[in-house]
Amino acid sequence: MARDVVIVTGGSRGIGAAVCRAAARDGYDVCLSFAENAAAADAVCADVAAAGGRATAVQGDVADPTFAARLFDACAERLGPVSALVNNAGITGGIGPFRATTVETMRRVLDVNLLGTMMCAQEAVRRWLANGTRGRIVNLSSIAATVGAPNEYVPYAATKAGVETFTVGLAKEVATAGIRVVAVAPGVIYTDIHAASGEPDRPARVVSRVPMARVGEPEEIAEAIVWLMSEKASSVTGTVLRVSGGV
């Protein structure tokens, strides 16, 4: 029996890597994209193989307007037609007050987080509508979309609010074709995104804001995502699931 094929952008680390592993466990073959770290991508592919799935990795930048088509073409050639997409790739653009954020940083965060998500989703929808696939898209948002992330990640928060609105609009547009589009909004999660932003110990600093009094793990977000991709969530579309410890 053929396995479903899922694309996970930014799948070499953090939440993306956890999604790849959980998806493989649940019967998916996995195509992951990565920006720079080929060794990390290869390690995730090995984990997928150990779980019984096939895996492939494609290097590229989701902000590149040519990348989405190249990613889907490579995945289809190596693994078969894609039936699910997890738009996970994202950056914070550094931590600090908005007044200190450069225009270049704002543009880069917008290009990766929002336009990258939109371009990959567009590529998926075009292909699925053409061949009648009842596909599933899970976009990664953040609780920052509603709390605003003042003095930390205001441009990032703005892009994630855009992701949520995009999710709702696209879901309504393609619902009659049997394509589901949802988003997951994690809270504070133990990943290297904090180190990349310039404050690796941020989880310890902000954990007091979390009603459950603990920081989440990437695997907890992955479980929500694979459930949303499954038939158990067959009537769920156009919504944002907060997985945030109560924030």
# chains A, B, ... in the order shown; residues from 1 in each chain; ligands from 1
>>> residues_around(residues="Val147 (chain A)", least_positions_apart="6", cutoff="10 Å", atoms="only C-alpha atoms", output="ChimeraX atom specification")
/A:154,157,161,247
>>> write_last_selection(atoms="N, CA and C atoms", output="PDB file, in the first residue's frame")
ATOM      1  N   VAL A 154       8.392  41.825  17.206  1.00  0.00           N
ATOM      2  CA  VAL A 154       7.189  42.440  16.638  1.00  0.00           C
ATOM      3  C   VAL A 154       7.022  42.131  15.135  1.00  0.00           C
ATOM      4  N   ALA A 157       5.862  38.574  14.862  1.00  0.00           N
ATOM      5  CA  ALA A 157       4.465  38.455  15.276  1.00  0.00           C
ATOM      6  C   ALA A 157       3.536  38.908  14.168  1.00  0.00           C
ATOM      7  N   ALA A 161       0.579  36.720  12.319  1.00  0.00           N
ATOM      8  CA  ALA A 161      -0.816  37.135  12.201  1.00  0.00           C
ATOM      9  C   ALA A 161      -1.262  37.035  10.745  1.00  0.00           C
ATOM     10  N   VAL A 247      -1.275  29.907  27.147  1.00  0.00           N
ATOM     11  CA  VAL A 247      -1.047  31.333  26.852  1.00  0.00           C
ATOM     12  C   VAL A 247      -2.114  31.821  25.866  1.00  0.00           C
TER      13      VAL A 247
END
>>> select_by_dssp(residues="region 113-151 of chain A", states="strand (DSSP E)", output="PyMOL selection string")
chain A and resi 136-140
>>> closest_atom_pairs(of="region 102-200 of chain A", to="region 81-87 of chain A", cutoff="7 Å", atoms="only C-alpha atoms", output="Markdown table")
| residue | atom | partner | partner_atom | distance |
| --- | --- | --- | --- | --- |
| A:Thr117 | CA | A:Asn87 | CA | 5.7 |
| A:Thr133 | CA | A:Ser83 | CA | 6.9 |
| A:Gly135 | CA | A:Ser83 | CA | 4.8 |
| A:Arg136 | CA | A:Ala84 | CA | 4.7 |
| A:Ile137 | CA | A:Leu85 | CA | 4.8 |
| A:Val138 | CA | A:Val86 | CA | 4.8 |
| A:Asn139 | CA | A:Asn87 | CA | 4.7 |
| A:Leu140 | CA | A:Asn87 | CA | 6.0 |
>>> residues_around(residues="region 202-213 of chain A", least_positions_apart="2", cutoff="6 Å", atoms="only C-alpha atoms", output="list of chain:residue names")
A:Glu199, A:Pro200, A:Gly245, A:Gly246, A:Val247
